>>> print(open('structure-v2.txt').read())   # compact mmCIF, C-alpha atoms
# COMPACT_ATOMS: atom_id res chain seq x y z
CA MET N 712 98.58 99.96 121.73
CA THR N 713 100.43 98.88 118.59
CA GLY N 714 100.22 95.70 116.58
CA ALA N 715 97.29 93.35 117.00
CA CYS N 716 96.69 89.67 117.00
CA PHE N 717 93.81 87.36 117.74
CA ALA N 718 93.60 84.40 120.07
CA VAL N 719 90.83 81.92 120.72
CA VAL N 720 90.45 81.07 124.38
CA MET N 721 87.51 79.09 125.79
CA LEU N 722 85.41 79.85 122.70
CA VAL N 723 85.81 83.61 123.14
CA VAL N 724 87.71 85.64 120.55
CA ALA N 725 89.63 88.65 121.79
CA GLY N 726 91.90 91.22 120.20
CA CYS N 727 95.33 91.44 121.78
CA GLY N 728 98.50 93.44 121.36
CA GLY N 729 102.02 93.54 122.66
CA ASP N 730 100.75 95.06 125.90
CA ASN N 731 97.05 95.22 126.75
CA SER N 732 97.56 96.29 130.36
CA GLY N 733 96.27 99.76 129.45
CA VAL N 734 92.98 98.50 128.01
CA ILE N 735 89.97 99.47 130.13
CA ALA N 736 87.83 96.41 130.84
CA TRP N 737 84.27 96.12 129.54
CA LYS N 738 81.39 96.34 131.99
CA ALA N 739 77.85 95.26 131.21
CA GLU N 740 76.29 98.37 132.77
CA ARG N 741 72.95 99.28 131.26
CA PRO N 742 71.55 102.82 131.24
CA PRO N 743 68.99 103.43 134.00
CA VAL N 744 65.34 102.90 133.08
CA PRO N 745 62.61 105.06 134.67
CA PRO N 746 60.16 103.14 136.88
CA ALA N 747 56.87 102.10 135.35
CA PRO N 748 54.04 104.55 136.05
CA PRO N 749 50.74 103.44 137.64
CA LEU N 750 48.29 101.98 135.13
CA ALA N 751 45.93 104.66 133.77
CA THR N 752 42.44 104.34 132.30
CA PRO N 753 42.55 102.83 128.76
CA CYS N 754 42.75 105.33 125.90
CA ARG N 755 39.53 105.97 124.02
CA ALA N 756 39.17 107.01 120.40
CA ARG N 757 38.26 110.58 121.41
CA ASP N 758 41.45 110.83 123.50
CA LEU N 759 43.70 110.29 120.49
CA ARG N 760 44.61 112.07 117.28
CA ALA N 761 45.48 109.21 114.94
CA ALA N 762 46.64 108.87 111.34
CA LEU N 763 48.15 106.51 108.81
CA PRO N 764 51.50 107.54 107.26
CA ASP N 765 51.54 110.47 104.84
CA GLU N 766 54.12 108.46 102.89
CA TRP N 767 54.54 104.70 103.11
CA ASN N 768 57.77 102.89 102.29
CA GLY N 769 56.75 100.79 99.30
CA ALA N 770 59.97 99.64 97.65
CA THR N 771 59.08 95.93 97.84
CA GLY N 772 55.47 96.15 96.65
CA SER N 773 54.25 95.94 100.24
CA LEU N 774 53.68 99.16 102.18
CA VAL N 775 55.66 99.61 105.39
CA GLY N 776 54.71 102.33 107.83
CA GLY N 777 52.86 102.83 111.04
CA ILE N 778 49.80 104.15 112.78
CA GLY N 779 50.70 107.25 114.77
CA VAL N 780 48.66 108.49 117.74
CA THR N 781 48.94 111.48 120.06
CA ASN N 782 47.14 111.90 123.37
CA VAL N 783 45.06 115.08 122.89
CA SER N 784 43.13 114.73 126.15
CA GLY N 785 44.00 116.46 129.38
CA TYR N 786 44.92 113.29 131.28
CA PRO N 787 47.14 110.21 130.82
CA CYS N 788 45.66 107.04 129.36
CA SER N 789 47.01 103.53 128.84
CA LEU N 790 47.78 102.30 125.32
CA LEU N 791 48.45 98.59 125.69
CA GLY N 792 47.85 95.51 123.57
CA VAL N 793 47.50 95.01 119.83
CA PRO N 794 44.46 96.72 118.29
CA ARG N 795 42.00 95.05 115.96
CA ILE N 796 42.29 96.47 112.45
CA ARG N 797 39.53 96.18 109.85
CA ILE N 798 39.31 97.45 106.29
CA PRO N 799 35.65 97.67 105.22
CA GLY N 800 34.84 95.36 102.32
CA ALA N 801 38.01 93.27 102.61
CA ARG N 802 39.07 90.02 104.25
CA VAL N 803 41.99 91.09 106.42
CA HIS N 804 44.55 88.45 107.38
CA VAL N 805 46.43 89.69 110.45
CA HIS N 806 49.58 88.29 112.01
CA SER N 807 52.01 89.62 114.59
CA ILE N 808 55.60 90.75 114.12
CA PRO N 809 58.16 91.77 116.76
CA ALA N 810 58.14 95.39 117.85
CA TYR N 811 61.17 97.45 118.71
CA GLY N 812 62.68 96.72 122.10
CA ASP N 813 63.42 99.28 124.79
CA ASP N 814 65.89 101.87 123.55
CA PRO N 815 66.85 104.26 126.38
CA LEU N 816 68.81 106.47 123.97
CA ASN N 817 66.00 108.15 122.12
CA ARG N 818 62.62 107.28 123.55
CA PRO N 819 60.83 106.41 126.79
CA PRO N 820 60.63 102.75 127.81
CA LEU N 821 57.69 100.59 126.75
CA SER N 822 56.33 100.78 130.30
CA SER N 823 55.54 104.48 129.75
CA LEU N 824 52.56 103.35 127.65
CA ARG N 825 50.86 102.35 130.90
CA ALA N 826 50.18 106.09 131.17
CA LEU N 827 50.66 107.94 127.86
CA ALA N 828 50.89 111.56 129.00
CA PRO N 829 48.95 114.41 127.36
CA GLY N 830 50.77 115.60 124.23
CA LYS N 831 52.88 112.44 124.01
CA SER N 832 52.81 110.15 120.98
CA ALA N 833 53.19 106.49 120.10
CA GLY N 834 53.31 104.40 116.96
CA LEU N 835 52.44 100.93 115.75
CA MET N 836 54.43 99.38 112.91
CA VAL N 837 52.42 97.89 110.02
CA ILE N 838 53.45 95.95 106.90
CA TRP N 839 50.54 95.93 104.42
CA SER N 840 50.58 93.47 101.51
CA GLU N 841 48.23 92.39 98.72
CA TRP N 842 45.49 94.71 97.56
CA CYS N 843 43.67 94.51 94.23
CA GLY N 844 41.31 97.28 93.24
CA PRO N 845 40.89 100.94 94.25
CA PRO N 846 42.48 101.98 97.56
CA PRO N 847 40.11 101.62 100.52
CA PRO N 848 38.70 104.89 101.88
CA ALA N 849 39.47 104.11 105.53
CA TRP N 850 40.76 101.72 108.19
CA LEU N 851 38.89 100.95 111.41
CA VAL N 852 41.18 100.49 114.42
CA THR N 853 39.59 99.16 117.61
CA LEU N 854 41.56 99.73 120.83
CA PRO N 855 41.57 96.61 123.01
CA GLY N 856 41.45 98.45 126.33
CA SER N 857 38.42 100.69 125.77
CA ARG N 858 36.98 98.79 122.77
CA SER N 859 36.40 102.11 121.04
CA THR N 860 37.17 102.49 117.35
CA VAL N 861 39.24 105.07 115.49
CA ARG N 862 38.48 105.70 111.81
CA LEU N 863 41.60 106.46 109.78
CA PRO N 864 41.16 107.89 106.26
CA SER N 865 43.27 106.08 103.66
CA SER N 866 44.27 106.85 100.08
CA ASP N 867 47.01 104.26 99.44
CA ALA N 868 47.24 100.54 98.76
CA PRO N 869 50.01 97.98 98.19
CA ARG N 870 50.65 96.16 94.95
CA CYS N 871 48.19 93.59 93.58
CA ASN N 872 49.70 90.16 93.01
CA PRO N 873 47.19 88.01 91.07
CA PRO N 874 45.76 85.43 91.32
CA ASP N 875 45.15 86.45 94.94
CA SER N 876 41.61 87.38 95.83
CA PRO N 877 40.85 91.06 95.14
CA LEU N 878 39.04 91.16 98.46
CA GLY N 879 41.91 89.75 100.54
CA THR N 880 44.77 91.66 102.13
CA ASP N 881 47.55 90.92 104.65
CA LEU N 882 48.54 93.02 107.67
CA ALA N 883 51.61 92.29 109.80
CA ILE N 884 51.40 94.42 112.93
CA ALA N 885 53.44 94.94 116.09
CA HIS N 886 52.49 96.42 119.45
CA TRP N 887 52.64 100.10 120.34
CA VAL N 888 55.95 101.80 121.08
CA PRO N 889 56.50 105.35 122.42
CA ALA N 890 57.53 107.95 119.86
CA PRO N 891 61.21 108.99 119.86
CA ALA N 892 62.15 112.06 121.86
CA PRO N 893 64.94 114.52 121.05
CA THR N 894 68.25 113.33 122.49
CA PRO N 895 70.49 115.99 124.06
CA GLN N 896 73.82 116.13 122.24
CA LEU N 897 77.13 116.11 124.10
CA ARG N 898 80.00 118.27 122.82
CA LEU N 899 82.93 116.00 123.59
CA PRO N 900 86.30 116.37 121.79
CA LEU N 901 86.51 112.69 120.92
CA ARG N 902 87.19 110.63 117.82
CA ALA N 903 86.85 106.84 117.78
CA GLU N 904 89.11 104.27 116.11
CA LEU N 905 88.89 100.49 116.05
CA ILE N 906 91.93 98.56 117.24
CA GLY N 907 92.85 95.48 115.22
CA ARG N 908 94.65 94.09 112.22
CA THR N 909 93.93 95.99 109.01
CA TYR N 910 93.39 94.70 105.48
CA PRO N 911 93.46 96.45 102.07
CA GLN N 912 90.16 98.12 101.17
CA GLY N 913 89.95 100.31 98.07
CA LYS N 914 92.66 102.96 98.37
CA GLY N 915 92.97 102.49 102.12
CA ARG N 916 92.75 99.81 104.76
CA GLU N 917 90.07 98.59 107.15
CA VAL N 918 89.94 96.63 110.40
CA ARG N 919 88.32 93.20 110.11
CA TYR N 920 87.42 90.76 112.85
CA TYR N 921 87.54 86.98 112.36
CA VAL N 922 85.76 84.74 114.86
CA HIS N 923 84.83 81.08 114.99
CA ARG N 924 81.23 79.97 114.75
CA GLY N 925 79.60 80.20 118.19
CA ASP N 926 82.16 82.66 119.58
CA VAL N 927 81.46 85.93 121.37
CA LEU N 928 83.05 88.95 119.67
CA ARG N 929 85.43 91.01 121.77
CA PHE N 930 87.12 94.03 120.25
CA GLU N 931 88.75 97.31 121.30
CA VAL N 932 87.83 100.93 120.62
CA ALA N 933 90.19 103.86 121.12
CA LEU N 934 88.75 107.28 121.99
CA ILE N 935 91.18 110.04 120.97
CA ASN N 936 91.22 113.52 122.50
CA THR N 937 91.05 115.93 119.54
CA SER N 938 91.31 119.10 121.65
CA ARG N 939 94.37 121.11 122.68
CA LYS N 940 93.94 120.47 126.38
CA GLY N 941 93.46 117.48 128.61
CA PHE N 942 90.03 115.85 128.64
CA ARG N 943 88.28 114.07 131.50
CA PHE N 944 84.78 112.58 131.37
CA GLY N 945 82.28 114.40 133.55
CA ARG N 946 79.67 111.66 133.29
CA CYS N 947 80.13 108.36 131.50
CA PRO N 948 78.23 108.45 128.18
CA VAL N 949 76.06 105.74 126.70
CA TYR N 950 77.30 103.89 123.62
CA ARG N 951 75.53 101.65 121.15
CA GLU N 952 76.78 98.56 119.35
CA ASP N 953 75.03 96.49 116.70
CA ASP N 954 75.14 92.70 116.67
CA PRO N 955 76.58 91.58 113.32
CA SER N 956 74.52 88.37 113.08
CA SER N 957 70.98 89.10 114.32
CA LEU N 958 70.89 92.88 113.72
CA ALA N 959 70.09 93.39 117.41
CA THR N 960 71.20 96.58 119.14
CA PHE N 961 72.80 96.80 122.57
CA THR N 962 73.31 99.91 124.70
CA TYR N 963 75.72 100.20 127.62
CA VAL N 964 77.29 102.87 129.78
CA LEU N 965 80.95 103.40 128.90
CA ASN N 966 83.31 102.32 131.70
CA CYS N 967 85.02 105.72 131.56
CA ARG N 968 86.22 106.32 135.14
CA PRO N 969 89.51 104.40 134.73
CA ALA N 970 90.39 106.62 131.73
CA GLY N 971 91.28 109.54 134.00
CA SER N 972 92.63 112.57 132.12
CA ILE N 973 93.37 112.01 128.42
CA PRO N 974 96.14 114.39 127.20
CA PRO N 975 95.81 116.38 123.94
CA GLY N 976 96.08 113.91 121.06
CA GLY N 977 96.15 111.02 123.54
CA ARG N 978 93.82 108.06 123.66
CA ALA N 979 92.02 105.72 126.00
CA VAL N 980 91.40 102.16 124.78
CA PHE N 981 88.23 100.35 125.86
CA GLU N 982 87.40 96.66 125.63
CA MET N 983 84.02 95.96 123.99
CA VAL N 984 81.85 92.85 123.86
CA VAL N 985 78.93 91.91 121.61
CA PRO N 986 77.12 89.63 124.09
CA VAL N 987 75.80 87.00 121.67
CA HIS N 988 77.22 83.82 120.18
CA LEU N 989 77.80 84.53 116.50
CA MET N 990 76.59 81.96 113.99
CA THR N 991 76.85 84.06 110.82
CA GLY N 992 78.89 87.08 109.79
CA GLY N 993 77.91 90.70 109.47
CA GLY N 994 79.24 94.14 110.29
CA VAL N 995 79.72 95.37 113.83
CA ALA N 996 79.04 99.08 114.43
CA TRP N 997 79.90 101.13 117.52
CA PHE N 998 79.27 104.77 118.39
CA LEU N 999 78.52 107.32 121.08
CA THR N 1000 75.11 108.35 119.76
CA GLN N 1001 74.99 111.65 121.68
CA VAL N 1002 78.39 112.81 120.45
CA GLY N 1003 78.27 112.58 116.66
CA ASN N 1004 79.73 111.02 113.56
CA ASP N 1005 83.34 111.25 114.73
CA THR N 1006 82.65 108.42 117.15
CA PHE N 1007 80.94 106.10 114.64
CA VAL N 1008 83.14 103.14 113.64
CA HIS N 1009 82.31 99.86 111.94
CA ALA N 1010 84.05 96.77 110.62
CA PRO N 1011 83.15 93.49 108.91
CA VAL N 1012 82.96 90.38 111.07
CA ILE N 1013 83.75 87.13 109.29
CA VAL N 1014 82.62 83.96 111.09
CA ARG N 1015 84.88 80.99 110.44
CA GLY N 1016 82.68 78.04 109.51
CA GLY N 1017 79.67 80.32 109.08
CA GLN N 1018 77.44 79.88 106.05
CA PHE N 1019 78.15 83.35 104.72
CA GLU N 1020 81.87 83.62 105.46
CA ALA N 1021 83.21 84.04 101.93
CA SER N 1022 80.18 85.76 100.38
CA PHE N 1023 79.98 88.34 103.17
CA ALA N 1024 83.65 89.25 102.94
CA ARG N 1025 83.18 89.97 99.25
CA SER N 1026 79.89 91.86 99.62
CA TRP N 1027 81.21 94.02 102.48
CA SER N 1028 84.20 95.09 100.38
CA MET N 1029 81.88 96.03 97.52
CA ARG N 1030 79.58 98.07 99.79
CA THR N 1031 82.29 100.03 101.52
>>> encode(input="structure-v2.txt", output="structure tokens")
Amino acid sequence: MTGACFAVVMLVVAGCGGDNSGVIAWKAERPPVPPAPPLATPCRARDLRAALPDEWNGATGSLVGGIGVTNVSGYPCSLLGVPRIRIPGARVHVHSIPAYGDDPLNRPPLSSLRALAPGKSAGLMVIWSEWCGPPPPAWLVTLPGSRSTVRLPSSDAPRCNPPDSPLGTDLAIAHWVPAPAPTPQLRLPLRAELIGRTYPQGKGREVRYYVHRGDVLRFEVALINTSRKGFRFGRCPVYREDDPSSLATFTYVLNCRPAGSIPPGGRAVFEMVVPVHLMTGGGVAWFLTQVGNDTFVHAPVIVRGGQFEASFARSWSMRT
């Protein structure tokens, strides 16, 4: 497919070329999710090995990390709900933040926490702000299901921001999520390229996508056979794309069957859709996570009429 243009039709922006008859249509096929297991008995403190982070991320003055737990019992237990967290001697202000959504690429679904298997782990994201004085010696974490309490030794504290009370602290916490699991890598002779009009960037050029405020982004990705013999997909892989406006992540199964056999050096072009209405710009990223860096591609997305149209175009060029 050579040459590219853009057309706005019914509030949807799509890349187009002189002949797009060879473009494989997008399908909104999600990866399969395992069924939810039966609900197990709630986890108790003695069932879990728990700890605060060895190293927090503290670049902003707050500490960002998580509580990690592993089921050390001989039976599954349920780890549901948001625990109660106390720090002895301090007034703890707690509020909730969103947790990570289901990500079938590198960890079990959230429903697996209905029965956390022996040896399996989970984590709970915490943002800890405001602490004046010596670090507290421990946290007390009470599990809502069993109402038992885990004591977690602590040796860190976030930055003090006077004139806040030295006895007050702020915790933003999410719910539990299963720990990531190793993802099997696929050895596929593929390299990805974005299809679209290019613009000068440094010493080279880059693809950029322009959409109108409220549009859905459609774009095209070419997968090139880098081997010396024909390539045919055995099983359609999962790909990931990042929403350029809300930083959400979407995973789909590649509609690979129509690609057939790709000759050496040949390509198959796939239509892609970011299924949200864009209100601000950002950078769209696409990759086959199980294949490797050769399939990672990204491009700036500039939203016409968006608040950050001009500033984002400049900042993206500076970053890349």
>>> closest_residue(input="structure-v2.txt", among="N:Val1002, N:Ile935, N:Ala892, N:Leu901", to="Tyr950 (chain N)", atoms="all atoms listed in the file")
N:Val1002
>>> atom_distance(input="structure-v2.txt", atom1="CA of Glu952 (chain N)", atom2="CA of Tyr921 (chain N)")
17.3 Å
>>> atom_distance(input="structure-v2.txt", atom1="CA of Gly977 (chain N)", atom2="CA of Phe998 (chain N)")
18.7 Å
>>> closest_residue(input="structure-v2.txt", among="N:Gln896, N:Thr1000, N:Ser938, N:Ser789", to="Arg825 (chain N)", atoms="all atoms listed in the file")
N:Ser789
>>> atom_distance(input="structure-v2.txt", atom1="CA of Leu899 (chain N)", atom2="CA of Phe944 (chain N)")
8.7 Å
>>> residues_near_point(input="structure-v2.txt", point="(43.2, 116.8, 126.2)", cutoff="8 Å", atoms="only C-alpha atoms", output="ChimeraX atom specification")
/N:758,782-786,829-830
>>> residues_near_point(input="structure-v2.txt", point="(52.5, 96.8, 119.6)", cutoff="10 Å", atoms="all atoms listed in the file", output="list in words")
Leu790, Leu791, Gly792, Val793, Pro794, Ser807, Ile808, Pro809, Ala810, Tyr811, Leu821, Ala833, Gly834, Leu835, Met836, Val837, Ile884, Ala885, His886, Trp887, Val888 and Pro889 of chain N
>>> write_last_selection(input="structure-v2.txt", atoms="C-alpha atoms", output="PDB file, keeping the file's coordinate frame")
ATOM      1  CA  LEU N 790      47.780 102.300 125.320  1.00  0.00           C
ATOM      2  CA  LEU N 791      48.450  98.590 125.690  1.00  0.00           C
ATOM      3  CA  GLY N 792      47.850  95.510 123.570  1.00  0.00           C
ATOM      4  CA  VAL N 793      47.500  95.010 119.830  1.00  0.00           C
ATOM      5  CA  PRO N 794      44.460  96.720 118.290  1.00  0.00           C
ATOM      6  CA  SER N 807      52.010  89.620 114.590  1.00  0.00           C
ATOM      7  CA  ILE N 808      55.600  90.750 114.120  1.00  0.00           C
ATOM      8  CA  PRO N 809      58.160  91.770 116.760  1.00  0.00           C
ATOM      9  CA  ALA N 810      58.140  95.390 117.850  1.00  0.00           C
ATOM     10  CA  TYR N 811      61.170  97.450 118.710  1.00  0.00           C
ATOM     11  CA  LEU N 821      57.690 100.590 126.750  1.00  0.00           C
ATOM     12  CA  ALA N 833      53.190 106.490 120.100  1.00  0.00           C
ATOM     13  CA  GLY N 834      53.310 104.400 116.960  1.00  0.00           C
ATOM     14  CA  LEU N 835      52.440 100.930 115.750  1.00  0.00           C
ATOM     15  CA  MET N 836      54.430  99.380 112.910  1.00  0.00           C
ATOM     16  CA  VAL N 837      52.420  97.890 110.020  1.00  0.00           C
ATOM     17  CA  ILE N 884      51.400  94.420 112.930  1.00  0.00           C
ATOM     18  CA  ALA N 885      53.440  94.940 116.090  1.00  0.00           C
ATOM     19  CA  HIS N 886      52.490  96.420 119.450  1.00  0.00           C
ATOM     20  CA  TRP N 887      52.640 100.100 120.340  1.00  0.00           C
ATOM     21  CA  VAL N 888      55.950 101.800 121.080  1.00  0.00           C
ATOM     22  CA  PRO N 889      56.500 105.350 122.420  1.00  0.00           C
TER      23      PRO N 889
END
>>> closest_residue(input="structure-v2.txt", among="N:Gly856, N:Ser865, N:Ser773, N:Arg818", to="Trp839 (chain N)", atoms="only C-alpha atoms")
N:Ser773
>>> decode(input="structure-v2.txt", residues="region 774-794 of chain N", atoms="N, CA, C and O atoms", output="short mmCIF file (atom, residue, chain, number, x, y, z; two decimals), in the first residue's frame")
data_model
loop_
_atom_site.label_atom_id
_atom_site.label_comp_id
_atom_site.auth_asym_id
_atom_site.auth_seq_id
_atom_site.Cartn_x
_atom_site.Cartn_y
_atom_site.Cartn_z
N LEU N 774 5.40 8.32 48.38
CA LEU N 774 5.96 7.00 48.11
C LEU N 774 4.91 6.17 47.38
O LEU N 774 3.76 6.07 47.84
N VAL N 775 5.30 5.60 46.27
CA VAL N 775 4.39 4.77 45.47
C VAL N 775 4.94 3.35 45.45
O VAL N 775 6.11 3.13 45.13
N GLY N 776 4.12 2.42 45.82
CA GLY N 776 4.54 1.01 45.85
C GLY N 776 3.33 0.13 46.05
O GLY N 776 2.23 0.45 45.60
N GLY N 777 3.53 -0.96 46.74
CA GLY N 777 2.42 -1.87 46.95
C GLY N 777 2.70 -2.84 48.06
O GLY N 777 3.84 -3.06 48.46
N ILE N 778 1.63 -3.41 48.57
CA ILE N 778 1.72 -4.49 49.54
C ILE N 778 1.68 -5.80 48.76
O ILE N 778 0.73 -6.05 48.00
N GLY N 779 2.68 -6.62 48.90
CA GLY N 779 2.72 -7.91 48.22
C GLY N 779 2.42 -9.04 49.17
O GLY N 779 2.90 -9.05 50.31
N VAL N 780 1.60 -9.99 48.72
CA VAL N 780 1.27 -11.16 49.54
C VAL N 780 1.42 -12.42 48.70
O VAL N 780 1.20 -12.41 47.49
N THR N 781 1.79 -13.52 49.37
CA THR N 781 1.88 -14.84 48.74
C THR N 781 1.15 -15.84 49.63
O THR N 781 1.32 -15.82 50.86
N ASN N 782 0.36 -16.69 49.03
CA ASN N 782 -0.35 -17.72 49.77
C ASN N 782 0.64 -18.83 50.15
O ASN N 782 1.12 -19.56 49.28
N VAL N 783 0.97 -18.93 51.42
CA VAL N 783 1.94 -19.94 51.89
C VAL N 783 1.23 -21.11 52.56
O VAL N 783 1.90 -21.98 53.15
N SER N 784 -0.10 -21.14 52.50
CA SER N 784 -0.83 -22.28 53.06
C SER N 784 -0.88 -23.41 52.04
O SER N 784 -0.36 -23.29 50.93
N GLY N 785 -1.54 -24.47 52.40
CA GLY N 785 -1.66 -25.60 51.49
C GLY N 785 -2.99 -25.66 50.77
O GLY N 785 -3.31 -26.68 50.16
N TYR N 786 -3.76 -24.57 50.80
CA TYR N 786 -5.09 -24.57 50.19
C TYR N 786 -5.38 -23.18 49.64
O TYR N 786 -4.80 -22.18 50.08
N PRO N 787 -6.29 -23.07 48.66
CA PRO N 787 -6.64 -21.74 48.14
C PRO N 787 -7.45 -20.94 49.15
O PRO N 787 -8.16 -21.51 49.99
N CYS N 788 -7.34 -19.62 49.07
CA CYS N 788 -8.14 -18.75 49.91
C CYS N 788 -8.52 -17.52 49.11
O CYS N 788 -7.84 -17.15 48.15
N SER N 789 -9.62 -16.87 49.48
CA SER N 789 -10.09 -15.71 48.72
C SER N 789 -9.50 -14.43 49.29
O SER N 789 -9.41 -14.24 50.50
N LEU N 790 -9.08 -13.55 48.37
CA LEU N 790 -8.46 -12.28 48.75
C LEU N 790 -9.25 -11.17 48.06
O LEU N 790 -8.86 -10.67 47.00
N LEU N 791 -10.37 -10.79 48.66
CA LEU N 791 -11.27 -9.84 48.03
C LEU N 791 -11.46 -8.62 48.94
O LEU N 791 -11.26 -8.69 50.15
N GLY N 792 -11.83 -7.51 48.33
CA GLY N 792 -12.12 -6.31 49.09
C GLY N 792 -10.86 -5.50 49.41
O GLY N 792 -9.74 -5.94 49.18
N VAL N 793 -11.08 -4.30 49.92
CA VAL N 793 -9.98 -3.40 50.27
C VAL N 793 -9.68 -3.53 51.75
O VAL N 793 -10.59 -3.39 52.59
N PRO N 794 -8.46 -3.83 52.14
CA PRO N 794 -8.16 -4.01 53.56
C PRO N 794 -8.17 -2.69 54.31
O PRO N 794 -8.03 -1.61 53.74
#
